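> Take this structure, written in structure tokens, and hold onto it; I'll ask about it next.
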There are 2 protein chains.
Amino acid sequence: MPTIKDVAERAGVSVTTVSRVLNNRGYISEATRKKVYKAMEELDYQPNEVARSLFRKKSNIIGLIVPTVAHPFFGQLTSYLETYAYSRGYKVLICNSQLDASKEQEYIWMLRRNQVDGIIMASHTLDVEEYKKLNLPVVAFDRSISRRIPYVTSDNYQGGRLAAELLLKRGCTKIAHMCGSLELDMLANQRHRAFMDVAEENKIPYFTVETDINVFEVSKYEELLTDLLVQHPDIDGLFLNSDIMAMAAMKVCSKLGKRVPHDMKIIGYDDVSIASLVSPQITTIRQPIAKMSELSVKLIEDLVNENSVSVENCLPVELIERGTT
Amino acid sequence: MPTIKDVAERAGVSVTTVSRVLNNRGYISEATRKKVYKAMEELDYQPNEVARSLFRKKSNIIGLIVPTVAHPFFGQLTSYLETYAYSRGYKVLICNSQLDASKEQEYIWMLRRNQVDGIIMASHTLDVEEYKKLNLPVVAFDRSISRRIPYVTSDNYQGGRLAAELLLKRGCTKIAHMCGSLELDMLANQRHRAFMDVAEENKIPYFTVETDINVFEVSKYEELLTDLLVQHPDIDGLFLNSDIMAMAAMKVCSKLGKRVPHDMKIIGYDDVSIASLVSPQITTIRQPIAKMSELSVKLIEDLVNENSVSVENCLPVELIERGTT
DNA sequence: CCATTTGTGCTAACCGGTTGACATACGCGT
DNA sequence: ACGCGTATGTCAACCGGTTAGCACAAATGG
């Protein structure tokens with residue numbers, strides 16, 4: 001790898017001059033500028049960003065911690081995040097925590113050691129205190145950690161309401177909601193709050209199925225749903241916390257001989273791209289993933305530049321009614 | 001951020017000693033080791049990896065270029081890759097090329113500037129020559145670039161054969177294969193070669209549907225498939241180059257009133273997790289994504305350590321027969 | 001008691017850039 | 001001829017580590 005010194009020698013100028021060209025500072029004549037560019041090209045020179053990062057104390061790297069990028073929601077999120085980040089001059093280091101607390105902690109340390117400019121946390125398994133200790137720009141995704149750490153979310157309560165209300169509107173008389181562990185105080189839990197509120201307001205019986213803490217396994221979803229529907233065959237409406245869960249529900253219904261939407265209405269969450277690819281297409285609550293991603297990157301940028309940021313960043317959701325209701 | 005100097009002062013030792021503790025070299029007494037660790041802990045010190053990278057000329061970062069991590073196949077691939085990489089002490093910088101040649105080129109430059117130790121290329125839009133110029137450890141995913149650049153793939157020809165043979169075995173009389181652009185010389189094109197071979201050997205009429213170069217859009221798949229099936233209503237077997245395409249095919253069939261698998265047999269590719277989540281579950285050719293990921297990381301590691309590597313790395317595929325055939 | 005081994009410190013160089021201070025030189029306008 | 005803006009160079013310090021070389025002291029052991 002050629003260094004700035006090689007370029008300087010080849011161009012017949014000093015290192016300082018090359019650096020000035022590289023950084024556009026001070027006086028440089030067109031002639032030398034060209035000489036330098038020519039030398040750089042001939043040597044196929046690219047400045048060593050590690051050296052620059054060291055000096056500038058800024059790596060232009062954002063750390064992104066997700067449960068797993070294999071989950072469609074986080075896959076899409078990651079894709080958008082990376083695209084926006086790159087367009088703003090940031091690179092993205094990905095970390096799949098697998099929703100494992102010790103891994104998450106390790107990743108956080110690793111990101112610190114690597115001097116990332118900020119961390120976008122979309123996996124939340126640690127104690128709130130651990131995140132607070134991080135004296136580093138952090139943006140939380142879908143979780144309110146403290147009054148100091150900004151978060152990006154979408155209107156979970158509204159999402160829960162929209163879903164529950166649609167189930168009732170479509171004539172359901174006994175409904176259930178499957179969600180992740182309600183123990184972690186994630187903002188997504190508001191969906192359940194809203195679901196219960198609507199059911200109670202309308203005096204409709206309802207059930208709650210919580211997955212184990214930290215579980216992302218489809219087979220587990222199927223198992224829980226089968227149990228539920230076998231025990232309560234009169235349930236006629238399901239609200240699921242993700243489109244993947246909704247697909248699992250459709251599969252279980254198909255196995256149990258329940259027709260969707262005739263015998264069972266199903267509503268998913270996220271509006272991930274496959275939601276509209278299955279038949280019947282999944283009715284779902286759309287999260288504005290692209291906008292949430294963009295906002296997250298902007299917040300990191302603002303934190304880095306020490307601009308003031310708003311802590312609460314809640315974007316609207318949208319009911320997308322399709323074939324399962 | 002505390003530096004090694006702060007640690008040294010706090011522990012009452014020299015910077016050299018701290019460095020020796022950090023790197024486990026030279027003689028260190030238990031007593032000082034403890035003092036140093038204590039100081040590190042009290043200061044919440046973590047060594048600056050940027051500085052280390054600069055000195056060592058090794059960043060322990062692998063660049064990963066995929067078309068988009070939002071595609072389930074690449075999402076799963078990325079997830080596995082990251083996990084293996086991390087377990088071997090590497091971090092992963094992700095790049096979504098969107099199958100755009102200029103973006104891919106930019107990403108490659110960016111990765112070089114950032115001194116990544118190697119690049120795993122799973123997006124291939126550039127001229128072979130561009131990849132050859134990179135004097136950097138590169139592992140290609142599913143493409144043979146040159147005799148010098150190792151690649152990881154699975155047995156595409158066998159995959160194509162298994163699929164085509166199963167369609168025939170299930171009684172199909174007129175079959176079609178939908179694949180990406182055959183212009184790019186990707187190894188995945190062998191699936192089509194095999195498909196044609198089987199059809200010709202058995203004297204069965206067949207069709208080919210190529211997506212545009214670089215297209216990853218589901219709506220485009222649906223459009224192409226609808227056209228095909230409307231023009232040739234007697235087609236009774238489809239082989240698709242991904243499970244996503246297979247889902248699109250199922251959707252189109254459902255729209256056209258064709259029952260799967262009764263009127264139409266469908267075989268996908270990859271065996272991504274959603275393949276077994278839709279009803280009917282998709283018959284597919286499983287690529288060993290986990291193993292391919294592991295192998296890719298190992299190859300990068302070997303290249304970095306200048307061990308000899310085998311250029312051709314082809315893993316077996318497996319037919320997973322489910323409900324669509 | 002002397003030779004090693006062990007433990008620690010100091011100094012300086014290095015990784016590949018960036019930057020400020022200062023010197024020098026040329027061309028130009030007045 | 002003077003002053004100024006432009007153009008470039010030299011030098012040294014710095015970012016936060018690592019490392020080799022050398023010195024020195026204490027502990028160990030034969």
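Chain labels run A, B, ... following the order of the structure tokens; each chain numbers its residues from 1, and ligands are numbered from 1 in the order shown.
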Which chain A residues are at most 8 Å from chain B (counting only C-alpha atoms), as a ChimeraX atom specification?
/A:46-51,53-54,68-72,75-79,82-83,91-96,109,112-115,247-248,250-251,254,277-279
> Using only C-alpha atoms (C1' of nucleotides), which residues sit within 12 Å of C:DT5 once same-chain residues fewer than 2 positions away are excluded, as JSON, numbers by chain?
{"B": [27], "C": [3, 7], "D": [26, 27, 28, 29]}
> Identify all residues of stretch 67-99 of chain A in strand (DSSP E or B) (DSSP on the backbone) and supply them as a list in words.
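DSSP-assigned strand (DSSP E or B) residues in stretch 67-99 of chain A: Lys91, Val92, Leu93, Ile94, Cys95 and Asn96 of chain A.
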> Let me see the file: selected residues, all heavy atoms, as a JSON list (two decimals), in the first residue's frame.

```json
[["chain", "number", "residue", "atom", "x", "y", "z"],
["A", 91, "LYS", "N", -19.98, 4.51, 7.89],
["A", 91, "LYS", "CA", -20.01, 3.08, 7.60],
["A", 91, "LYS", "C", -20.68, 2.38, 8.76],
["A", 91, "LYS", "O", -20.76, 2.93, 9.85],
["A", 91, "LYS", "CB", -18.58, 2.55, 7.46],
["A", 91, "LYS", "CG", -17.79, 3.23, 6.38],
["A", 91, "LYS", "CD", -16.41, 3.61, 6.84],
["A", 91, "LYS", "CE", -16.26, 5.09, 7.01],
["A", 91, "LYS", "NZ", -15.02, 5.47, 7.72],
["A", 92, "VAL", "N", -21.12, 1.17, 8.54],
["A", 92, "VAL", "CA", -21.87, 0.45, 9.56],
["A", 92, "VAL", "C", -21.21, -0.87, 9.93],
["A", 92, "VAL", "O", -20.94, -1.71, 9.07],
["A", 92, "VAL", "CB", -23.32, 0.17, 9.09],
["A", 92, "VAL", "CG1", -24.06, -0.67, 10.11],
["A", 92, "VAL", "CG2", -24.06, 1.47, 8.84],
["A", 93, "LEU", "N", -20.93, -1.02, 11.21],
["A", 93, "LEU", "CA", -20.46, -2.30, 11.74],
["A", 93, "LEU", "C", -21.67, -3.03, 12.30],
["A", 93, "LEU", "O", -22.34, -2.50, 13.18],
["A", 93, "LEU", "CB", -19.48, -2.06, 12.88],
["A", 93, "LEU", "CG", -17.99, -2.16, 12.62],
["A", 93, "LEU", "CD1", -17.21, -1.98, 13.90],
["A", 93, "LEU", "CD2", -17.66, -3.51, 12.01],
["A", 94, "ILE", "N", -21.96, -4.22, 11.79],
["A", 94, "ILE", "CA", -23.15, -4.91, 12.31],
["A", 94, "ILE", "C", -22.80, -5.90, 13.40],
["A", 94, "ILE", "O", -21.78, -6.59, 13.33],
["A", 94, "ILE", "CB", -23.89, -5.81, 11.31],
["A", 94, "ILE", "CG1", -22.98, -6.25, 10.19],
["A", 94, "ILE", "CG2", -25.20, -5.28, 10.91],
["A", 94, "ILE", "CD1", -23.42, -7.59, 9.70],
["A", 95, "CYS", "N", -23.71, -6.03, 14.32],
["A", 95, "CYS", "CA", -23.57, -6.96, 15.42],
["A", 95, "CYS", "C", -24.91, -7.66, 15.62],
["A", 95, "CYS", "O", -25.93, -7.00, 15.80],
["A", 95, "CYS", "CB", -23.22, -6.21, 16.69],
["A", 95, "CYS", "SG", -21.85, -5.07, 16.50],
["A", 96, "ASN", "N", -24.89, -8.97, 15.58],
["A", 96, "ASN", "CA", -26.10, -9.76, 15.84],
["A", 96, "ASN", "C", -26.04, -10.28, 17.27],
["A", 96, "ASN", "O", -25.31, -11.22, 17.56],
["A", 96, "ASN", "CB", -26.16, -10.97, 14.90],
["A", 96, "ASN", "CG", -26.35, -10.57, 13.46],
["A", 96, "ASN", "OD1", -27.40, -10.07, 13.08],
["A", 96, "ASN", "ND2", -25.32, -10.75, 12.65]]
```
> What does the structure give for the distance between atom CA of B:Thr325 and atom CA of B:Pro261, in Å to one decimal?
5.2 Å
> List every residue of stretch 25-220 of chain A that DSSP, applied to the backbone of this structure, assigns to helix (DSSP H, G or I), and report them as a PyMOL selection string.
chain A and resi 30-43+49-56+72-87+101-113+128-133+156-169+189-201+218-220
> Near A:Glu301, counting only C-alpha atoms (C1' of nucleotides), which residues have an atom at most 10 Å away, once you skip same-chain residues fewer than 6 positions from it, shown as a list of chain:residue names?
A:Asn60, A:Ile62, A:Ala85, A:Arg88, A:Tyr90, A:Asp117, A:Gly118, A:Pro137, A:Leu295, A:Asn307, A:Val309
> Generate a file of the selected residues that holds C-alpha atoms, formatted as an mmCIF file, in the first residue's frame.

```cif
data_model
loop_
_atom_site.group_PDB
_atom_site.id
_atom_site.type_symbol
_atom_site.label_atom_id
_atom_site.label_comp_id
_atom_site.auth_asym_id
_atom_site.auth_seq_id
_atom_site.Cartn_x
_atom_site.Cartn_y
_atom_site.Cartn_z
ATOM 1 C CA ASN A 60 -17.131 7.698 10.870
ATOM 2 C CA ILE A 62 -21.697 3.585 13.393
ATOM 3 C CA ALA A 85 -25.556 6.069 6.897
ATOM 4 C CA ARG A 88 -23.985 10.692 5.165
ATOM 5 C CA TYR A 90 -20.801 6.749 7.771
ATOM 6 C CA ASP A 117 -18.886 7.441 16.606
ATOM 7 C CA GLY A 118 -22.196 6.139 17.840
ATOM 8 C CA PRO A 137 -23.786 8.753 21.266
ATOM 9 C CA LEU A 295 -34.138 9.397 11.611
ATOM 10 C CA ASN A 307 -26.584 19.496 18.195
ATOM 11 C CA VAL A 309 -31.881 16.408 19.661
#
```
> Please check the contacts: residues of chain C at most 9 Å away from chain B, using only C-alpha atoms (C1' of nucleotides), listed as a list in words.
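Taken together, these residues fit the definition: DT6, DG7, DT8, DG9, DC10, DC14, DC15 and DG16 of chain C.
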> Mind writing the picked residues with N, CA, C and O atoms (P, O5', C5', C4', C3', O3' and C1' of nucleotides) as an mmCIF file, in the first residue's frame?

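Final output, saved to again_7.cif:
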```cif
data_model
loop_
_atom_site.group_PDB
_atom_site.id
_atom_site.type_symbol
_atom_site.label_atom_id
_atom_site.label_comp_id
_atom_site.auth_asym_id
_atom_site.auth_seq_id
_atom_site.Cartn_x
_atom_site.Cartn_y
_atom_site.Cartn_z
ATOM 1 P P DT C 6 12.601 -16.943 34.308
ATOM 2 O "O5'" DT C 6 12.234 -15.625 35.127
ATOM 3 C "C5'" DT C 6 12.177 -15.707 36.547
ATOM 4 C "C4'" DT C 6 11.905 -14.345 37.141
ATOM 5 C "C3'" DT C 6 10.729 -13.598 36.518
ATOM 6 O "O3'" DT C 6 9.891 -13.183 37.583
ATOM 7 C "C1'" DT C 6 12.612 -12.178 36.660
ATOM 8 P P DG C 7 8.462 -12.531 37.251
ATOM 9 O "O5'" DG C 7 8.827 -10.990 37.351
ATOM 10 C "C5'" DG C 7 9.205 -10.466 38.610
ATOM 11 C "C4'" DG C 7 9.462 -8.982 38.484
ATOM 12 C "C3'" DG C 7 8.387 -8.210 37.707
ATOM 13 O "O3'" DG C 7 7.966 -7.136 38.529
ATOM 14 C "C1'" DG C 7 10.539 -7.641 36.919
ATOM 15 P P DT C 8 6.746 -6.229 38.055
ATOM 16 O "O5'" DT C 8 7.464 -4.982 37.411
ATOM 17 C "C5'" DT C 8 8.163 -4.092 38.266
ATOM 18 C "C4'" DT C 8 8.955 -3.104 37.458
ATOM 19 C "C3'" DT C 8 8.147 -2.268 36.473
ATOM 20 O "O3'" DT C 8 7.920 -0.987 37.065
ATOM 21 C "C1'" DT C 8 10.319 -2.869 35.654
ATOM 22 P P DG C 9 7.287 0.222 36.236
ATOM 23 O "O5'" DG C 9 8.617 0.879 35.655
ATOM 24 C "C5'" DG C 9 9.653 1.280 36.555
ATOM 25 C "C4'" DG C 9 10.684 2.069 35.786
ATOM 26 C "C3'" DG C 9 10.074 3.101 34.833
ATOM 27 O "O3'" DG C 9 10.773 4.332 34.986
ATOM 28 C "C1'" DG C 9 11.537 1.637 33.631
ATOM 29 P P DC C 10 10.195 5.660 34.321
ATOM 30 O "O5'" DC C 10 11.318 5.973 33.244
ATOM 31 C "C5'" DC C 10 12.675 5.727 33.561
ATOM 32 C "C4'" DC C 10 13.521 5.892 32.317
ATOM 33 C "C3'" DC C 10 12.944 6.931 31.337
ATOM 34 O "O3'" DC C 10 13.976 7.837 30.983
ATOM 35 C "C1'" DC C 10 13.317 4.846 30.232
ATOM 36 P P DC C 14 12.080 5.019 12.704
ATOM 37 O "O5'" DC C 14 10.629 4.354 12.697
ATOM 38 C "C5'" DC C 14 10.470 2.998 13.098
ATOM 39 C "C4'" DC C 14 8.995 2.700 13.194
ATOM 40 C "C3'" DC C 14 8.136 3.424 12.147
ATOM 41 O "O3'" DC C 14 7.467 2.489 11.357
ATOM 42 C "C1'" DC C 14 7.183 3.618 14.309
ATOM 43 P P DC C 15 7.060 2.936 9.842
ATOM 44 O "O5'" DC C 15 5.564 2.430 9.747
ATOM 45 C "C5'" DC C 15 5.029 1.417 10.550
ATOM 46 C "C4'" DC C 15 3.572 1.673 10.801
ATOM 47 C "C3'" DC C 15 2.990 2.735 9.871
ATOM 48 O "O3'" DC C 15 2.297 2.103 8.811
ATOM 49 C "C1'" DC C 15 2.320 3.059 12.178
ATOM 50 P P DG C 16 2.534 2.635 7.320
ATOM 51 O "O5'" DG C 16 1.566 3.895 7.250
ATOM 52 C "C5'" DG C 16 0.166 3.699 7.311
ATOM 53 C "C4'" DG C 16 -0.504 5.042 7.390
ATOM 54 C "C3'" DG C 16 -0.054 6.021 6.300
ATOM 55 O "O3'" DG C 16 -1.196 6.736 5.872
ATOM 56 C "C1'" DG C 16 0.223 6.993 8.398
#
```
> Within 9 Å of chain A, which residues of chain D show up? Give each one with its shortest atom-to-atom distance in Å (one decimal) and the two atoms involved, counting only C-alpha atoms (C1' of nucleotides), rows by chain then rising residue number, as JSON lines.

```
{"residue": "D:DT6", "atom": "C1'", "partner": "A:Tyr27", "partner_atom": "CA", "distance": 6.6}
{"residue": "D:DA7", "atom": "C1'", "partner": "A:Tyr27", "partner_atom": "CA", "distance": 6.1}
{"residue": "D:DT8", "atom": "C1'", "partner": "A:Thr17", "partner_atom": "CA", "distance": 7.3}
{"residue": "D:DG9", "atom": "C1'", "partner": "A:Ser14", "partner_atom": "CA", "distance": 6.7}
{"residue": "D:DC14", "atom": "C1'", "partner": "A:Phe55", "partner_atom": "CA", "distance": 7.6}
{"residue": "D:DC15", "atom": "C1'", "partner": "A:Phe55", "partner_atom": "CA", "distance": 4.1}
{"residue": "D:DG16", "atom": "C1'", "partner": "A:Leu54", "partner_atom": "CA", "distance": 7.5}
```
> With only C-alpha atoms (C1' of nucleotides) as the counted atoms, please give the residues lying no more than 12 Å from C:DC28, apart from itself and same-chain residues fewer than 2 positions off, as a PDB file with N, CA, C and O atoms (P, O5', C5', C4', C3', O3' and C1' of nucleotides), in the first residue's frame.

```pdb
ATOM      1  P    DC C  26      12.539  33.424  -6.413  1.00  0.00           P
ATOM      2  O5'  DC C  26      11.340  33.471  -7.444  1.00  0.00           O
ATOM      3  C5'  DC C  26      10.368  32.420  -7.446  1.00  0.00           C
ATOM      4  C4'  DC C  26       9.004  33.011  -7.674  1.00  0.00           C
ATOM      5  C3'  DC C  26       9.012  34.251  -8.568  1.00  0.00           C
ATOM      6  O3'  DC C  26       8.200  34.007  -9.700  1.00  0.00           O
ATOM      7  C1'  DC C  26       7.658  34.585  -6.642  1.00  0.00           C
ATOM      8  P    DT C  30      -3.294  48.794  -8.557  1.00  0.00           P
ATOM      9  O5'  DT C  30      -2.238  49.674  -7.782  1.00  0.00           O
ATOM     10  C5'  DT C  30      -2.037  49.468  -6.374  1.00  0.00           C
ATOM     11  C4'  DT C  30      -0.912  50.345  -5.877  1.00  0.00           C
ATOM     12  C3'  DT C  30      -0.897  51.736  -6.514  1.00  0.00           C
ATOM     13  O3'  DT C  30      -0.665  52.712  -5.494  1.00  0.00           O
ATOM     14  C1'  DT C  30       1.224  50.731  -6.728  1.00  0.00           C
TER      15       DT C  30
ATOM     16  P    DC D   2      12.568  48.988  -0.059  1.00  0.00           P
ATOM     17  O5'  DC D   2      11.016  48.852   0.242  1.00  0.00           O
ATOM     18  C5'  DC D   2      10.174  49.989   0.100  1.00  0.00           C
ATOM     19  C4'  DC D   2       8.736  49.557   0.290  1.00  0.00           C
ATOM     20  C3'  DC D   2       8.600  48.395   1.279  1.00  0.00           C
ATOM     21  O3'  DC D   2       7.607  48.722   2.242  1.00  0.00           O
ATOM     22  C1'  DC D   2       7.563  47.850  -0.805  1.00  0.00           C
ATOM     23  P    DG D   3       7.315  47.652   3.421  1.00  0.00           P
ATOM     24  O5'  DG D   3       5.919  47.081   2.928  1.00  0.00           O
ATOM     25  C5'  DG D   3       4.910  47.990   2.460  1.00  0.00           C
ATOM     26  C4'  DG D   3       3.715  47.182   1.998  1.00  0.00           C
ATOM     27  C3'  DG D   3       3.381  46.017   2.934  1.00  0.00           C
ATOM     28  O3'  DG D   3       1.969  45.970   3.090  1.00  0.00           O
ATOM     29  C1'  DG D   3       3.807  45.183   0.743  1.00  0.00           C
ATOM     30  P    DC D   4       1.295  44.899   4.089  1.00  0.00           P
ATOM     31  O5'  DC D   4       0.569  43.933   3.053  1.00  0.00           O
ATOM     32  C5'  DC D   4      -0.200  44.486   1.985  1.00  0.00           C
ATOM     33  C4'  DC D   4      -0.540  43.386   1.006  1.00  0.00           C
ATOM     34  C3'  DC D   4      -0.947  42.077   1.706  1.00  0.00           C
ATOM     35  O3'  DC D   4      -2.235  41.687   1.250  1.00  0.00           O
ATOM     36  C1'  DC D   4       0.681  41.681  -0.005  1.00  0.00           C
ATOM     37  P    DG D   5      -3.046  40.574   1.972  1.00  0.00           P
ATOM     38  O5'  DG D   5      -3.192  39.500   0.818  1.00  0.00           O
ATOM     39  C5'  DG D   5      -3.667  39.916  -0.465  1.00  0.00           C
ATOM     40  C4'  DG D   5      -3.300  38.856  -1.495  1.00  0.00           C
ATOM     41  C3'  DG D   5      -3.727  37.441  -1.092  1.00  0.00           C
ATOM     42  O3'  DG D   5      -4.260  36.807  -2.256  1.00  0.00           O
ATOM     43  C1'  DG D   5      -1.387  37.485  -1.512  1.00  0.00           C
ATOM     44  P    DT D   6      -4.836  35.312  -2.220  1.00  0.00           P
ATOM     45  O5'  DT D   6      -3.622  34.489  -2.811  1.00  0.00           O
ATOM     46  C5'  DT D   6      -3.145  34.818  -4.116  1.00  0.00           C
ATOM     47  C4'  DT D   6      -1.974  33.942  -4.468  1.00  0.00           C
ATOM     48  C3'  DT D   6      -2.200  32.436  -4.253  1.00  0.00           C
ATOM     49  O3'  DT D   6      -1.866  31.780  -5.462  1.00  0.00           O
ATOM     50  C1'  DT D   6      -0.141  33.123  -3.291  1.00  0.00           C
TER      51       DT D   6
END
```
> Which distance in Å separates atom CA of B:Asp155 and atom CA of B:Arg286, to one decimal?
10.3 Å
> If we count only C-alpha atoms (C1' of nucleotides) and set the cut-off at 10 Å, which residues sit around B:Asp100, ignoring sequence neighbours fewer than 5 positions away in its own chain? Please answer as a short mmCIF file (atom, residue, chain, number, x, y, z; two decimals) with N, CA, C and O atoms, in the first residue's frame.

```cif
data_model
loop_
_atom_site.label_atom_id
_atom_site.label_comp_id
_atom_site.auth_asym_id
_atom_site.auth_seq_id
_atom_site.Cartn_x
_atom_site.Cartn_y
_atom_site.Cartn_z
N PRO B 67 -25.88 -7.71 -2.25
CA PRO B 67 -26.83 -6.87 -2.99
C PRO B 67 -27.70 -6.08 -2.01
O PRO B 67 -27.76 -4.87 -2.05
N GLN B 105 -18.36 -0.42 -6.72
CA GLN B 105 -17.01 0.09 -6.87
C GLN B 105 -16.65 1.04 -5.72
O GLN B 105 -15.58 0.95 -5.13
N SER B 123 -21.83 -9.74 -4.09
CA SER B 123 -22.51 -8.96 -5.12
C SER B 123 -21.51 -8.84 -6.26
O SER B 123 -20.35 -8.52 -6.04
N HIS B 124 -21.98 -9.13 -7.46
CA HIS B 124 -21.02 -9.18 -8.56
C HIS B 124 -21.58 -8.43 -9.75
O HIS B 124 -22.29 -8.98 -10.57
N THR B 125 -21.25 -7.17 -9.82
CA THR B 125 -21.75 -6.39 -10.94
C THR B 125 -20.61 -5.85 -11.78
O THR B 125 -20.82 -5.38 -12.88
N LEU B 126 -19.41 -5.90 -11.24
CA LEU B 126 -18.29 -5.29 -11.94
C LEU B 126 -17.61 -6.26 -12.89
O LEU B 126 -17.81 -7.48 -12.82
N ASN B 214 -29.86 -7.37 -12.73
CA ASN B 214 -29.89 -6.62 -11.47
C ASN B 214 -31.26 -6.34 -10.88
O ASN B 214 -31.41 -5.35 -10.18
#
```
> So how many Å separate atom CA of B:Val152 and atom CA of B:Thr211, to one decimal?
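For atom CA of B:Val152 relative to atom CA of B:Thr211, the distance reads 23.8 Å.
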